[in-house]
Amino acid sequence: MFTQTAHNVQNYKIEGRWRILFLVMTALLILPVLIILTLLIVRGGPAISWEFLTAFPIKGMTAGGVFPALLGTIYLVSLALVFSVPLGIAAAIYLSEYAPDNVMTRIINLAIINLAGVPSIVHALFGLGAFVIFMEFGTSILAASLTLAIMTLPVVIVATKESLQSVPQAFREACWSMGATRWQTIRRIVLPNAVSGILTGVILEVSRTAGETAPIMFTGAAFFLPFLPESVFDQTMALSLHLFVVATQVPNVPHDLPYGVALLLVAIVLLMNALSIGFRVRLRNKKKW
Amino acid sequence: MDVPKTLEQQTMWRGVLGDSSQPVSGGNPGSGQLKVEMPNQALAIETTKLSLWYGTFQALFDVDFQVKQGLVTSLIGPSGCGKSTLLRSVNRINERLGYVRTEGKVEVLGHDIYAPGVDLTQIRSQVGMVFQRPNPLPVTIRKNILFGYHLHTPRPTTKSEDDAVIESALKEVLLWDDLKDKLNAPAINLSLEQQQKLCIARLLPIKPTVLLMDEPCSALDPKATAAIEELIWGLRGEYTILIVTHNMAQARRASDECAFMLMGKMVEHSKTEDLFVTPEHQETADYIEGKFG
């Protein structure tokens with residue numbers, strides 16, 4: 001009794017093989033990330049300096065800093081958020097809390113998910129047509145930010161909707177059964193408990209937006225500008241496009257410069273993600289149900 | 001103690017039991033158990049030919065049901081018999097599901113709550129609801145009790161008003177001594193029994209007349225169940241209580257009247273001791289004996 005049979009041994013063998021397969025897959029997944037990060041830090045690290053962060057590019061972008069591109073990325077992302085976050089959250093609240101569960105709502109939800117999958121170059125062409133040409137914003141920060149906003153809207157909506165729906169239905173029923181209106185319920189109970197998820201979604205969104213290149217290159221980002229933008233109707237440089245330019249378009253660029261720009265971009269994105277994770281952990285520890 | 005009964009009540013009883021040939025009252029010597037005699041036996045809830053559909057599925061069939069003011073009335077029946085649905089049509093919380101259709105009439109305190117012009121929040125301030133699983137809001141004990149009160153008290157309230165409301169609500173559910181020193185603690189940290197009592201307490205400042213309870217003890221252990229039953233019995237008289245339960249012993253212990261439902265139909269409704277001792281219908285007898293359910 002209780003001793004291994006040949007059948008058990010066979011099972012353990014198979015078990016072991018699958019286990020190794022999954023482990024190898026995981027390792028293969030992590031490997032490229034590690035290689036990219038190591039390469040960026042080793043080769044791009046020496047390029048990073050105070051001057052790199054605060055000076056203009058000089059000598060045909062082969063030397064100097066990336067300050068206008070860094071600032072431009074911040075402008076573009078912030079303005080895109082100003083448009084997409086309020087709109088996205090409001091739409092998500094409607095879809096999750098008010099919309100009746102019918103065919104129309106389902107079609108809208110499906111459309112939003114699909115919109116998130118539209119390639120960014122398509123968004124870029126849409127932005128070019130709608131904002132730059134039709135609304136006559138020209139190639140400007142405004143047009144580029146609006147394009148980014150349109151592109152990120154579905155992600156904000158989906159993230160917000162998911163975190164709203166993770167608030168247990170029992171809380172809503174409790175409020176309604178005491179005579180609270182939908183808005184009172186949302187304002188007092190649902191939103192405060194969904195806010196961590198919403199913030200996480202928004203911040204992840206920022207990091208995605210910061211790296212986008214295609215949507216801004218037709219609508220507002222410039223190869224090189226010798227001055228900073230003065231209004232939202234000016235063009236701007238941006239880190240992502242700058243990386244593309246110094247890596248492929250400009251001759252005689254020192255090797256570590258593109259790596260430095262890439263490292264800076266990745267650092268911004270990782271910083272944002274770390275912030276988002278920190279936020280989530282903090283807020284999740286506070287709630288208990 | 002013999003129960004004095006007016007002619008009107010006797011008529012009502014016969015109507016409920018569907019038997020007009022024999023007077024029911026007094027026939028059962030045990031009926032003196034009715035512990036508090038309500039001077040006013042007006043109806044708190046009355047449904048007339050109430051039918052309800054979830055999409056194409058009919059959950060209620062022509063339900064005629066009366067709940068007398070100030071009594072505890074229990075609804076029993078096997079799972080899916082429509083007892084929770086009936087309960088939930090009394091404060092119209094069923095409607096948030098867009099595919100629910102209702103026919104017939106539900107009157108609360110003599111007013112048709114499905115009539116046009118009826119305000120949902122007003123219904124819900126008169127008809128409070130306690131859920132199966134205790135669902136305190138994820139805020140402090142204090143805010144849980146003040147939530148409903150502030151919803152229905154538009155002017156800003158002072159702290160002393162708030163404190164008085166909290167104290168009287170918690171005293172009424174026998175929680176004051178336990179909780180008075182930790183009103184700012186999260187309600188979610190309380191024991192399930194305390195949570196369920198809190199869920200009852202937060203309804204009281206709204207001054208409802210009817211309390212609906214949807215299996216309020218099914219998530220609780222026997223000791224907590226006993227405590228909640230005791231509380232329900234204490235609230236009896238001041239509030240009309242309609243309680244759905246799976247637990248027949250509970251219905252028997254803690255209700256004045258009992259109604260048995262089966263397959264969306266009201267089978268039998270009478271005084272609790274009558275229903276359990278001398279059920280009129282075979283299905284009722286089978287169910288309370290545990291032959292199905």
# chains A, B, ... in the order shown; residues from 1 in each chain; ligands from 1
$ closest_atom_pairs --of "chain B" --to "chain A" --cutoff "7 Å" --atoms "only C-alpha atoms" --output "tab-separated table"
residue	atom	partner	partner_atom	distance
B:Ile93	CA	A:Ser177	CA	7.0
B:Gly98	CA	A:Pro100	CA	6.3
B:Thr121	CA	A:Gly179	CA	4.1
B:Gln122	CA	A:Gly179	CA	6.9
B:Arg124	CA	A:Gly179	CA	4.9
B:Ser125	CA	A:Gly179	CA	5.8
B:Gly128	CA	A:Met178	CA	6.4
B:Met129	CA	A:Ser177	CA	6.0
B:Asn135	CA	A:Ala170	CA	6.1
B:Leu137	CA	A:Phe171	CA	5.9
B:Gly148	CA	A:Met178	CA	5.7
B:Leu151	CA	A:Ala180	CA	6.5
B:Ile188	CA	A:Trp289	CA	6.6
B:Leu203	CA	A:Met178	CA	6.9
$ write_last_selection --atoms "C-alpha atoms" --output "mmCIF file, in the first residue's frame"
data_model
loop_
_atom_site.group_PDB
_atom_site.id
_atom_site.type_symbol
_atom_site.label_atom_id
_atom_site.label_comp_id
_atom_site.auth_asym_id
_atom_site.auth_seq_id
_atom_site.Cartn_x
_atom_site.Cartn_y
_atom_site.Cartn_z
ATOM 1 C CA ILE B 93 -35.572 46.795 -6.973
ATOM 2 C CA GLY B 98 -34.073 45.889 -17.834
ATOM 3 C CA THR B 121 -36.649 56.896 -3.874
ATOM 4 C CA GLN B 122 -39.824 57.605 -1.899
ATOM 5 C CA ARG B 124 -37.467 52.900 -0.907
ATOM 6 C CA SER B 125 -37.527 55.236 2.038
ATOM 7 C CA GLY B 128 -36.291 49.137 3.562
ATOM 8 C CA MET B 129 -34.443 46.047 2.459
ATOM 9 C CA ASN B 135 -23.685 44.224 2.634
ATOM 10 C CA LEU B 137 -20.943 49.830 2.571
ATOM 11 C CA GLY B 148 -29.517 56.761 4.098
ATOM 12 C CA LEU B 151 -30.030 60.933 1.407
ATOM 13 C CA ILE B 188 -16.407 45.554 6.801
ATOM 14 C CA LEU B 203 -32.498 51.635 7.477
#
$ select_by_dssp --residues "region 8-212 of chain A" --states "helix (DSSP H, G or I)" --output "count of residues only"
169
$ closest_residue --among "B:Ala164, B:Val72, B:Leu86, B:Ala259" --to "Leu231 (chain B)" --atoms "only C-alpha atoms"
B:Val72
$ select_by_dssp --residues "region 45-273 of chain B" --states "strand (DSSP E)" --output "number ranges by chain"
B: 45-54, 57-68, 72-76, 100-108, 111-112, 127-130, 210-214, 240-244, 257-262, 265-271
$ residues_around --residues "Asn252 (chain A)" --least-positions-apart "5" --cutoff "10 Å" --atoms "only C-alpha atoms" --output "list of chain:residue names"
A:Gly60, A:Met61, A:Thr62, A:Val246
$ residues_around --residues "Cys81 (chain B)" --least-positions-apart "6" --cutoff "7 Å" --atoms "only C-alpha atoms" --output "PDB file with N, CA and C atoms, in the first residue's frame"
ATOM      1  N   MET B 261     -45.093  29.386  -1.034  1.00  0.00           N
ATOM      2  CA  MET B 261     -45.159  29.567  -2.478  1.00  0.00           C
ATOM      3  C   MET B 261     -44.551  28.370  -3.178  1.00  0.00           C
ATOM      4  N   LEU B 262     -45.075  28.100  -4.377  1.00  0.00           N
ATOM      5  CA  LEU B 262     -44.564  26.994  -5.169  1.00  0.00           C
ATOM      6  C   LEU B 262     -44.723  27.349  -6.635  1.00  0.00           C
ATOM      7  N   MET B 263     -43.652  27.227  -7.398  1.00  0.00           N
ATOM      8  CA  MET B 263     -43.687  27.466  -8.844  1.00  0.00           C
ATOM      9  C   MET B 263     -44.328  28.808  -9.205  1.00  0.00           C
ATOM     10  N   GLY B 264     -43.996  29.826  -8.444  1.00  0.00           N
ATOM     11  CA  GLY B 264     -44.498  31.156  -8.774  1.00  0.00           C
ATOM     12  C   GLY B 264     -45.925  31.422  -8.346  1.00  0.00           C
TER      13      GLY B 264
END
$ atom_distance --atom1 "CA of Ile107 (chain A)" --atom2 "CA of Ala92 (chain A)"
14.3 Å
$ atom_distance --atom1 "CA of Val195 (chain A)" --atom2 "CA of Ser163 (chain A)"
7.7 Å
$ residues_around --residues "region 276-280 of chain A" --least-positions-apart "5" --cutoff "8 Å" --atoms "only C-alpha atoms" --output "number ranges by chain"
A: 196-197, 199-200, 203-204
$ residues_around --residues "region 217-219 of chain A" --least-positions-apart "6" --cutoff "12 Å" --atoms "only C-alpha atoms" --output "compact mmCIF listing (two decimals) with N, CA and C atoms, in the first residue's frame"
# COMPACT_ATOMS: atom_id res chain seq x y z
N LEU A 76 2.68 66.77 -25.22
CA LEU A 76 1.75 65.95 -26.01
C LEU A 76 0.96 65.00 -25.10
N SER A 120 -1.98 52.19 -35.04
CA SER A 120 -1.79 53.61 -34.75
C SER A 120 -1.59 54.42 -36.02
N ILE A 121 -1.08 53.80 -37.08
CA ILE A 121 -0.88 54.56 -38.32
C ILE A 121 -2.23 54.98 -38.92
N VAL A 122 -3.24 54.16 -38.68
CA VAL A 122 -4.59 54.52 -39.15
C VAL A 122 -5.11 55.71 -38.37
N HIS A 123 -4.87 55.68 -37.06
CA HIS A 123 -5.24 56.83 -36.24
C HIS A 123 -4.52 58.08 -36.73
N ALA A 124 -3.25 57.89 -37.11
CA ALA A 124 -2.46 59.03 -37.58
C ALA A 124 -3.10 59.66 -38.80
N LEU A 125 -3.52 58.81 -39.75
CA LEU A 125 -4.13 59.34 -40.96
C LEU A 125 -5.47 60.00 -40.65
N PHE A 126 -6.21 59.40 -39.71
CA PHE A 126 -7.47 60.00 -39.29
C PHE A 126 -7.21 61.39 -38.70
N GLY A 127 -6.20 61.46 -37.82
CA GLY A 127 -5.87 62.74 -37.19
C GLY A 127 -5.47 63.78 -38.23
N LEU A 128 -4.70 63.32 -39.21
CA LEU A 128 -4.27 64.23 -40.28
C LEU A 128 -5.49 64.79 -41.00
N GLY A 129 -6.41 63.92 -41.33
CA GLY A 129 -7.60 64.36 -42.06
C GLY A 129 -8.51 65.22 -41.20
N ALA A 130 -8.77 64.74 -39.97
CA ALA A 130 -9.79 65.39 -39.15
C ALA A 130 -9.28 66.67 -38.52
N PHE A 131 -8.14 66.61 -37.87
CA PHE A 131 -7.69 67.75 -37.06
C PHE A 131 -6.81 68.71 -37.85
N VAL A 132 -5.83 68.15 -38.57
CA VAL A 132 -4.88 69.02 -39.26
C VAL A 132 -5.55 69.74 -40.43
N ILE A 133 -6.29 68.95 -41.25
CA ILE A 133 -6.84 69.55 -42.47
C ILE A 133 -8.25 70.07 -42.27
N GLU A 136 -8.54 72.51 -39.44
CA GLU A 136 -7.56 73.56 -39.71
C GLU A 136 -6.68 73.91 -38.52
N PHE A 137 -6.33 72.89 -37.71
CA PHE A 137 -5.39 73.13 -36.61
C PHE A 137 -3.96 73.15 -37.13
N GLY A 138 -3.76 72.70 -38.37
CA GLY A 138 -2.41 72.59 -38.90
C GLY A 138 -1.65 71.49 -38.19
N THR A 139 -0.40 71.25 -38.59
CA THR A 139 0.41 70.30 -37.83
C THR A 139 0.82 71.01 -36.56
N SER A 140 0.23 70.59 -35.45
CA SER A 140 0.39 71.34 -34.20
C SER A 140 0.29 70.39 -33.02
N ILE A 141 0.71 70.90 -31.87
CA ILE A 141 0.58 70.11 -30.64
C ILE A 141 -0.87 69.71 -30.43
N LEU A 142 -1.79 70.66 -30.71
CA LEU A 142 -3.22 70.40 -30.50
C LEU A 142 -3.68 69.21 -31.34
N ALA A 143 -3.35 69.24 -32.63
CA ALA A 143 -3.79 68.16 -33.52
C ALA A 143 -3.17 66.83 -33.11
N ALA A 144 -1.88 66.85 -32.75
CA ALA A 144 -1.21 65.62 -32.35
C ALA A 144 -1.80 65.06 -31.05
N SER A 145 -2.08 65.98 -30.10
CA SER A 145 -2.63 65.52 -28.82
C SER A 145 -4.02 64.94 -29.02
N LEU A 146 -4.82 65.60 -29.86
CA LEU A 146 -6.17 65.09 -30.10
C LEU A 146 -6.10 63.70 -30.74
N THR A 147 -5.15 63.53 -31.66
CA THR A 147 -4.99 62.22 -32.30
C THR A 147 -4.62 61.17 -31.26
N LEU A 148 -3.67 61.53 -30.40
CA LEU A 148 -3.29 60.60 -29.33
C LEU A 148 -4.48 60.31 -28.42
N PHE A 233 -0.70 75.62 -31.00
CA PHE A 233 -0.78 75.59 -32.46
C PHE A 233 0.59 75.48 -33.11
N ASP A 234 1.64 75.42 -32.27
CA ASP A 234 2.99 75.23 -32.80
C ASP A 234 3.28 73.74 -32.92
N GLN A 235 4.29 73.45 -33.77
CA GLN A 235 4.78 72.07 -33.79
C GLN A 235 5.73 71.86 -32.62
N THR A 236 6.05 70.61 -32.38
CA THR A 236 7.01 70.34 -31.32
C THR A 236 7.86 69.14 -31.70
N MET A 237 8.98 69.00 -31.05
CA MET A 237 9.74 67.76 -31.19
C MET A 237 9.18 66.77 -30.16
N ALA A 238 9.46 65.49 -30.36
CA ALA A 238 9.01 64.49 -29.39
C ALA A 238 10.07 63.40 -29.31
N LEU A 239 10.21 62.80 -28.14
CA LEU A 239 11.27 61.81 -27.92
C LEU A 239 11.18 60.63 -28.88
N SER A 240 9.95 60.12 -29.07
CA SER A 240 9.81 58.92 -29.88
C SER A 240 10.24 59.19 -31.32
N LEU A 241 9.79 60.32 -31.85
CA LEU A 241 10.15 60.65 -33.23
C LEU A 241 11.65 60.98 -33.31
N HIS A 242 12.15 61.65 -32.28
CA HIS A 242 13.56 62.01 -32.24
C HIS A 242 14.42 60.75 -32.31
N PHE A 244 13.62 57.91 -33.68
CA PHE A 244 13.54 57.42 -35.06
C PHE A 244 14.49 58.22 -35.96
N VAL A 245 14.48 59.54 -35.78
CA VAL A 245 15.28 60.42 -36.62
C VAL A 245 16.77 60.17 -36.41
